[in-house]
Amino acid sequence: MSSNHANDVTEGKSERPLWIALILTTTFLIAEVVGGVLTNSLALISDAAHMFTDSAALAVSLVAIRIGRRAADSLRTFGYYRFEILAAAFNAVLLFLVAMYILYEAYQRLNNPPEIQTGAMLVVATLGLIINLISMRLLTGDKDKSLNVKGAYLEVWSDMLGSVGVIAGAIIIRFTGWPWVDSAIAVLIGLWVLPRTWTLLKESLNVLLEGVPEGLNLVEISDTLAQINCVSSVHELHVWAITSGKASLTAHVVTELATPGQYVLLRKIRETMAEKFDIHHVTIQFEATPCVDAGAHSFGPQASQSGSAK
């Protein structure tokens, strides 16, 4: 027996903020690359590189949302929701590669720092900061609803801090004459980005590996199912997510109830999972006795039991 919860993964997600952020970021990216080359500022080029990953992340996010809207078919019965997670993983890998390149280039420049034109560097970085703040504002609404949008948001957020670092570096160099500060700022930007990149990649891989969604506890879910009236035991319990905010559950439930009573029990299970764990896609197989596979594939050494007659 199963229940289907009609969820549109793009519900509540507007493409317009992504489009506006993409246009702003891409337009300024060109200006920042030119500014970085003209001023010999690695920190500014680093910021431009992050701007590039911002543009890529925003573009991929838009493509992912469009593809994610496609209906399920005979080949992909769950639809194309998972494409959003692939996009998030791609963004994480891209950001990681950019960070590593910046660290390498900074190391090379520390031994032979070029002359920095701080005036132009300061102007370009300030404009970049304004663009980042606008883009962050546009993406804030959906960043907690989708790993895909969260990836794009983190890209922009890291670039915003990069712009702040470039501004600080330009001011320090202007008043101290220390050109190595430019490379040091670039290194700090790279080191700051790497942990956040790993967090996004880890969350994406968890979904791709069909791990238990963040915020859900499988033991608690198993115990809750086992404590529902008329449930004797639970096995073959699996909880995963197709994409952000779309958790699914399957389980074998042992009960003495006949078919009419099983419909009532199914409704109770569905209501409990939705109210307590926000799981709306539930598939339950009822059994009079545990099947031969009980404990072979499910979580834990044995099936969860209620422990008392109900």
# chains A, B, ... in the order shown; residues from 1 in each chain; ligands from 1
call {"tool": "select_by_dssp", "arguments": {"residues": "stretch 192-278 of chain A", "states": "helix (DSSP H, G or I)", "output": "NGL selection string"}}
result
:A and (192-208 or 218-226 or 259-277)
call {"tool": "select_by_dssp", "arguments": {"residues": "stretch 77-266 of chain A", "states": "strand (DSSP E)", "output": "list of chain:residue names"}}
result
A:Ser233, A:Val234, A:His235, A:Glu236, A:Leu237, A:His238, A:Val239, A:Trp240, A:Ala241, A:Ala247, A:Ser248, A:Leu249, A:Thr250, A:Ala251, A:His252, A:Val253, A:Val254
call {"tool": "write_last_selection", "arguments": {"atoms": "N, CA, C and O atoms", "output": "PDB file, in the first residue's frame"}}
result
ATOM      1  N   SER A 233       5.494  -4.993  14.695  1.00  0.00           N
ATOM      2  CA  SER A 233       6.918  -4.748  14.465  1.00  0.00           C
ATOM      3  C   SER A 233       7.114  -4.073  13.117  1.00  0.00           C
ATOM      4  O   SER A 233       6.201  -4.034  12.288  1.00  0.00           O
ATOM      5  N   VAL A 234       8.315  -3.548  12.927  1.00  0.00           N
ATOM      6  CA  VAL A 234       8.656  -2.845  11.684  1.00  0.00           C
ATOM      7  C   VAL A 234      10.016  -3.337  11.202  1.00  0.00           C
ATOM      8  O   VAL A 234      10.948  -3.467  11.983  1.00  0.00           O
ATOM      9  N   HIS A 235      10.112  -3.629   9.920  1.00  0.00           N
ATOM     10  CA  HIS A 235      11.405  -3.978   9.332  1.00  0.00           C
ATOM     11  C   HIS A 235      11.453  -3.449   7.899  1.00  0.00           C
ATOM     12  O   HIS A 235      10.501  -2.841   7.421  1.00  0.00           O
ATOM     13  N   GLU A 236      12.602  -3.659   7.251  1.00  0.00           N
ATOM     14  CA  GLU A 236      12.794  -3.127   5.893  1.00  0.00           C
ATOM     15  C   GLU A 236      12.468  -1.625   5.833  1.00  0.00           C
ATOM     16  O   GLU A 236      11.813  -1.149   4.904  1.00  0.00           O
ATOM     17  N   LEU A 237      12.922  -0.893   6.848  1.00  0.00           N
ATOM     18  CA  LEU A 237      12.661   0.546   6.910  1.00  0.00           C
ATOM     19  C   LEU A 237      13.755   1.308   6.165  1.00  0.00           C
ATOM     20  O   LEU A 237      14.938   1.151   6.444  1.00  0.00           O
ATOM     21  N   HIS A 238      13.326   2.140   5.221  1.00  0.00           N
ATOM     22  CA  HIS A 238      14.265   2.960   4.458  1.00  0.00           C
ATOM     23  C   HIS A 238      13.719   4.378   4.354  1.00  0.00           C
ATOM     24  O   HIS A 238      12.536   4.579   4.066  1.00  0.00           O
ATOM     25  N   VAL A 239      14.578   5.356   4.605  1.00  0.00           N
ATOM     26  CA  VAL A 239      14.193   6.765   4.487  1.00  0.00           C
ATOM     27  C   VAL A 239      15.264   7.462   3.653  1.00  0.00           C
ATOM     28  O   VAL A 239      16.453   7.354   3.955  1.00  0.00           O
ATOM     29  N   TRP A 240      14.856   8.161   2.617  1.00  0.00           N
ATOM     30  CA  TRP A 240      15.797   8.865   1.745  1.00  0.00           C
ATOM     31  C   TRP A 240      15.101  10.076   1.149  1.00  0.00           C
ATOM     32  O   TRP A 240      13.935  10.341   1.440  1.00  0.00           O
ATOM     33  N   ALA A 241      15.819  10.804   0.307  1.00  0.00           N
ATOM     34  CA  ALA A 241      15.237  11.989  -0.334  1.00  0.00           C
ATOM     35  C   ALA A 241      15.572  11.980  -1.819  1.00  0.00           C
ATOM     36  O   ALA A 241      16.713  11.699  -2.200  1.00  0.00           O
ATOM     37  N   ALA A 247      11.393  14.021   1.181  1.00  0.00           N
ATOM     38  CA  ALA A 247      11.761  12.761   1.821  1.00  0.00           C
ATOM     39  C   ALA A 247      10.734  11.677   1.505  1.00  0.00           C
ATOM     40  O   ALA A 247       9.543  11.947   1.346  1.00  0.00           O
ATOM     41  N   SER A 248      11.226  10.449   1.411  1.00  0.00           N
ATOM     42  CA  SER A 248      10.368   9.294   1.150  1.00  0.00           C
ATOM     43  C   SER A 248      10.658   8.214   2.176  1.00  0.00           C
ATOM     44  O   SER A 248      11.766   8.119   2.710  1.00  0.00           O
ATOM     45  N   LEU A 249       9.650   7.376   2.443  1.00  0.00           N
ATOM     46  CA  LEU A 249       9.792   6.300   3.419  1.00  0.00           C
ATOM     47  C   LEU A 249       9.134   5.040   2.888  1.00  0.00           C
ATOM     48  O   LEU A 249       8.020   5.099   2.350  1.00  0.00           O
ATOM     49  N   THR A 250       9.824   3.935   3.046  1.00  0.00           N
ATOM     50  CA  THR A 250       9.229   2.629   2.773  1.00  0.00           C
ATOM     51  C   THR A 250       9.490   1.734   3.980  1.00  0.00           C
ATOM     52  O   THR A 250      10.531   1.851   4.630  1.00  0.00           O
ATOM     53  N   ALA A 251       8.548   0.832   4.267  1.00  0.00           N
ATOM     54  CA  ALA A 251       8.715  -0.057   5.418  1.00  0.00           C
ATOM     55  C   ALA A 251       7.774  -1.249   5.308  1.00  0.00           C
ATOM     56  O   ALA A 251       6.722  -1.174   4.650  1.00  0.00           O
ATOM     57  N   HIS A 252       8.167  -2.355   5.936  1.00  0.00           N
ATOM     58  CA  HIS A 252       7.295  -3.499   6.114  1.00  0.00           C
ATOM     59  C   HIS A 252       6.763  -3.441   7.536  1.00  0.00           C
ATOM     60  O   HIS A 252       7.541  -3.344   8.491  1.00  0.00           O
ATOM     61  N   VAL A 253       5.449  -3.483   7.676  1.00  0.00           N
ATOM     62  CA  VAL A 253       4.811  -3.378   8.992  1.00  0.00           C
ATOM     63  C   VAL A 253       4.050  -4.665   9.279  1.00  0.00           C
ATOM     64  O   VAL A 253       3.189  -5.082   8.489  1.00  0.00           O
ATOM     65  N   VAL A 254       4.382  -5.294  10.398  1.00  0.00           N
ATOM     66  CA  VAL A 254       3.689  -6.512  10.817  1.00  0.00           C
ATOM     67  C   VAL A 254       2.500  -6.127  11.683  1.00  0.00           C
ATOM     68  O   VAL A 254       2.642  -5.374  12.650  1.00  0.00           O
TER      69      VAL A 254
END
call {"tool": "closest_residue", "arguments": {"among": "A:Ile85, A:Lys246, A:Trp192, A:Tyr107", "to": "A:Ala274", "atoms": "only C-alpha atoms"}}
result
A:Lys246
call {"tool": "closest_residue", "arguments": {"among": "A:Tyr153, A:Trp19, A:Phe286, A:Trp180", "to": "A:Val63", "atoms": "only C-alpha atoms"}}
result
A:Trp19
call {"tool": "closest_residue", "arguments": {"among": "A:Thr197, A:Thr259, A:Ser163, A:Gln227", "to": "A:Gly128", "atoms": "only C-alpha atoms"}}
result
A:Ser163
call {"tool": "residues_around", "arguments": {"residues": "A:Leu44", "least_positions_apart": "3", "cutoff": "10 Å", "atoms": "only C-alpha atoms", "output": "list of chain:residue names"}}
result
A:Glu32, A:Val33, A:Val34, A:Gly35, A:Gly36, A:Val37, A:Thr39, A:Asn40, A:Ser41, A:Asp47, A:Ala48, A:Ala49, A:His50, A:Met121, A:Leu122, A:Val124, A:Ala125, A:Gly128, A:Gly162, A:Ser163, A:Gly165, A:Val166, A:Ile167, A:Gly169, A:Ala170, A:Asp182, A:Ser183, A:Ile185, A:Ala186
call {"tool": "closest_residue", "arguments": {"among": "A:Thr224, A:Thr255, A:Ile242, A:Thr289", "to": "A:Gly68", "atoms": "only C-alpha atoms"}}
result
A:Ile242
call {"tool": "residues_around", "arguments": {"residues": "A:Gln262", "least_positions_apart": "3", "cutoff": "12 Å", "atoms": "only C-alpha atoms", "output": "list in words"}}
result
Met1, Ser2, Asn229, Cys230, Val231, Val253, Val254, Thr255, Glu256, Leu257, Ala258, Thr259, Leu265, Leu266, Arg267, Lys268, Ile269, Ile284, Gln285, Phe286, Glu287 and Ala288 of chain A
call {"tool": "write_last_selection", "arguments": {"atoms": "N, CA, C and O atoms", "output": "PDB file, in the first residue's frame"}}
result
ATOM      1  N   MET A   1       0.853  -1.186   0.000  1.00  0.00           N
ATOM      2  CA  MET A   1       0.000   0.000   0.000  1.00  0.00           C
ATOM      3  C   MET A   1       0.890   1.236   0.000  1.00  0.00           C
ATOM      4  O   MET A   1       1.922   1.268   0.655  1.00  0.00           O
ATOM      5  N   SER A   2       0.496   2.230  -0.708  1.00  0.00           N
ATOM      6  CA  SER A   2       1.333   3.417  -0.794  1.00  0.00           C
ATOM      7  C   SER A   2       0.486   4.648  -0.848  1.00  0.00           C
ATOM      8  O   SER A   2      -0.700   4.601  -1.162  1.00  0.00           O
ATOM      9  N   ASN A 229      -0.540   2.179  17.457  1.00  0.00           N
ATOM     10  CA  ASN A 229      -1.462   1.120  17.866  1.00  0.00           C
ATOM     11  C   ASN A 229      -1.697   0.120  16.742  1.00  0.00           C
ATOM     12  O   ASN A 229      -1.912   0.502  15.585  1.00  0.00           O
ATOM     13  N   CYS A 230      -1.633  -1.166  17.073  1.00  0.00           N
ATOM     14  CA  CYS A 230      -1.859  -2.303  16.165  1.00  0.00           C
ATOM     15  C   CYS A 230      -0.638  -2.641  15.312  1.00  0.00           C
ATOM     16  O   CYS A 230      -0.719  -3.518  14.450  1.00  0.00           O
ATOM     17  N   VAL A 231       0.491  -1.969  15.525  1.00  0.00           N
ATOM     18  CA  VAL A 231       1.728  -2.334  14.836  1.00  0.00           C
ATOM     19  C   VAL A 231       2.516  -3.271  15.742  1.00  0.00           C
ATOM     20  O   VAL A 231       2.864  -2.922  16.868  1.00  0.00           O
ATOM     21  N   VAL A 253       5.449  -3.483   7.676  1.00  0.00           N
ATOM     22  CA  VAL A 253       4.811  -3.378   8.992  1.00  0.00           C
ATOM     23  C   VAL A 253       4.050  -4.665   9.279  1.00  0.00           C
ATOM     24  O   VAL A 253       3.189  -5.082   8.489  1.00  0.00           O
ATOM     25  N   VAL A 254       4.382  -5.294  10.398  1.00  0.00           N
ATOM     26  CA  VAL A 254       3.689  -6.512  10.817  1.00  0.00           C
ATOM     27  C   VAL A 254       2.500  -6.127  11.683  1.00  0.00           C
ATOM     28  O   VAL A 254       2.642  -5.374  12.650  1.00  0.00           O
ATOM     29  N   THR A 255       1.319  -6.629  11.325  1.00  0.00           N
ATOM     30  CA  THR A 255       0.097  -6.330  12.070  1.00  0.00           C
ATOM     31  C   THR A 255      -0.870  -7.500  11.975  1.00  0.00           C
ATOM     32  O   THR A 255      -0.847  -8.268  10.996  1.00  0.00           O
ATOM     33  N   GLU A 256      -1.726  -7.649  12.979  1.00  0.00           N
ATOM     34  CA  GLU A 256      -2.736  -8.699  12.961  1.00  0.00           C
ATOM     35  C   GLU A 256      -4.027  -8.239  12.310  1.00  0.00           C
ATOM     36  O   GLU A 256      -4.960  -9.024  12.141  1.00  0.00           O
ATOM     37  N   LEU A 257      -4.083  -6.974  11.929  1.00  0.00           N
ATOM     38  CA  LEU A 257      -5.298  -6.437  11.328  1.00  0.00           C
ATOM     39  C   LEU A 257      -5.546  -7.028   9.949  1.00  0.00           C
ATOM     40  O   LEU A 257      -4.613  -7.273   9.177  1.00  0.00           O
ATOM     41  N   ALA A 258      -6.822  -7.237   9.618  1.00  0.00           N
ATOM     42  CA  ALA A 258      -7.200  -7.679   8.288  1.00  0.00           C
ATOM     43  C   ALA A 258      -7.229  -6.464   7.357  1.00  0.00           C
ATOM     44  O   ALA A 258      -7.036  -5.324   7.788  1.00  0.00           O
ATOM     45  N   THR A 259      -7.547  -6.703   6.107  1.00  0.00           N
ATOM     46  CA  THR A 259      -7.485  -5.636   5.095  1.00  0.00           C
ATOM     47  C   THR A 259      -8.263  -4.374   5.458  1.00  0.00           C
ATOM     48  O   THR A 259      -7.709  -3.265   5.350  1.00  0.00           O
ATOM     49  N   LEU A 265      -5.080   1.806   9.557  1.00  0.00           N
ATOM     50  CA  LEU A 265      -3.720   1.870  10.088  1.00  0.00           C
ATOM     51  C   LEU A 265      -2.804   2.647   9.129  1.00  0.00           C
ATOM     52  O   LEU A 265      -1.961   3.443   9.569  1.00  0.00           O
ATOM     53  N   LEU A 266      -2.986   2.430   7.836  1.00  0.00           N
ATOM     54  CA  LEU A 266      -2.179   3.158   6.860  1.00  0.00           C
ATOM     55  C   LEU A 266      -2.397   4.662   6.982  1.00  0.00           C
ATOM     56  O   LEU A 266      -1.445   5.441   6.941  1.00  0.00           O
ATOM     57  N   ARG A 267      -3.653   5.050   7.141  1.00  0.00           N
ATOM     58  CA  ARG A 267      -3.952   6.472   7.285  1.00  0.00           C
ATOM     59  C   ARG A 267      -3.293   7.039   8.531  1.00  0.00           C
ATOM     60  O   ARG A 267      -2.755   8.150   8.523  1.00  0.00           O
ATOM     61  N   LYS A 268      -3.296   6.253   9.627  1.00  0.00           N
ATOM     62  CA  LYS A 268      -2.671   6.701  10.863  1.00  0.00           C
ATOM     63  C   LYS A 268      -1.157   6.853  10.678  1.00  0.00           C
ATOM     64  O   LYS A 268      -0.542   7.826  11.160  1.00  0.00           O
ATOM     65  N   ILE A 269      -0.543   5.896   9.990  1.00  0.00           N
ATOM     66  CA  ILE A 269       0.898   5.960   9.748  1.00  0.00           C
ATOM     67  C   ILE A 269       1.239   7.183   8.910  1.00  0.00           C
ATOM     68  O   ILE A 269       2.182   7.927   9.211  1.00  0.00           O
ATOM     69  N   ILE A 284       3.957   1.533   2.443  1.00  0.00           N
ATOM     70  CA  ILE A 284       3.923   0.535   3.514  1.00  0.00           C
ATOM     71  C   ILE A 284       3.482  -0.816   2.950  1.00  0.00           C
ATOM     72  O   ILE A 284       2.509  -0.896   2.204  1.00  0.00           O
ATOM     73  N   GLN A 285       4.199  -1.869   3.329  1.00  0.00           N
ATOM     74  CA  GLN A 285       3.785  -3.240   3.010  1.00  0.00           C
ATOM     75  C   GLN A 285       3.385  -3.920   4.316  1.00  0.00           C
ATOM     76  O   GLN A 285       4.206  -4.060   5.217  1.00  0.00           O
ATOM     77  N   PHE A 286       2.127  -4.308   4.405  1.00  0.00           N
ATOM     78  CA  PHE A 286       1.636  -4.972   5.614  1.00  0.00           C
ATOM     79  C   PHE A 286       1.860  -6.472   5.517  1.00  0.00           C
ATOM     80  O   PHE A 286       1.698  -7.078   4.446  1.00  0.00           O
ATOM     81  N   GLU A 287       2.240  -7.077   6.667  1.00  0.00           N
ATOM     82  CA  GLU A 287       2.485  -8.519   6.731  1.00  0.00           C
ATOM     83  C   GLU A 287       1.899  -9.081   8.018  1.00  0.00           C
ATOM     84  O   GLU A 287       1.891  -8.405   9.049  1.00  0.00           O
ATOM     85  N   ALA A 288       1.438 -10.329   7.957  1.00  0.00           N
ATOM     86  CA  ALA A 288       0.927 -10.994   9.157  1.00  0.00           C
ATOM     87  C   ALA A 288       2.090 -11.475  10.021  1.00  0.00           C
ATOM     88  O   ALA A 288       2.013 -11.478  11.256  1.00  0.00           O
TER      89      ALA A 288
END
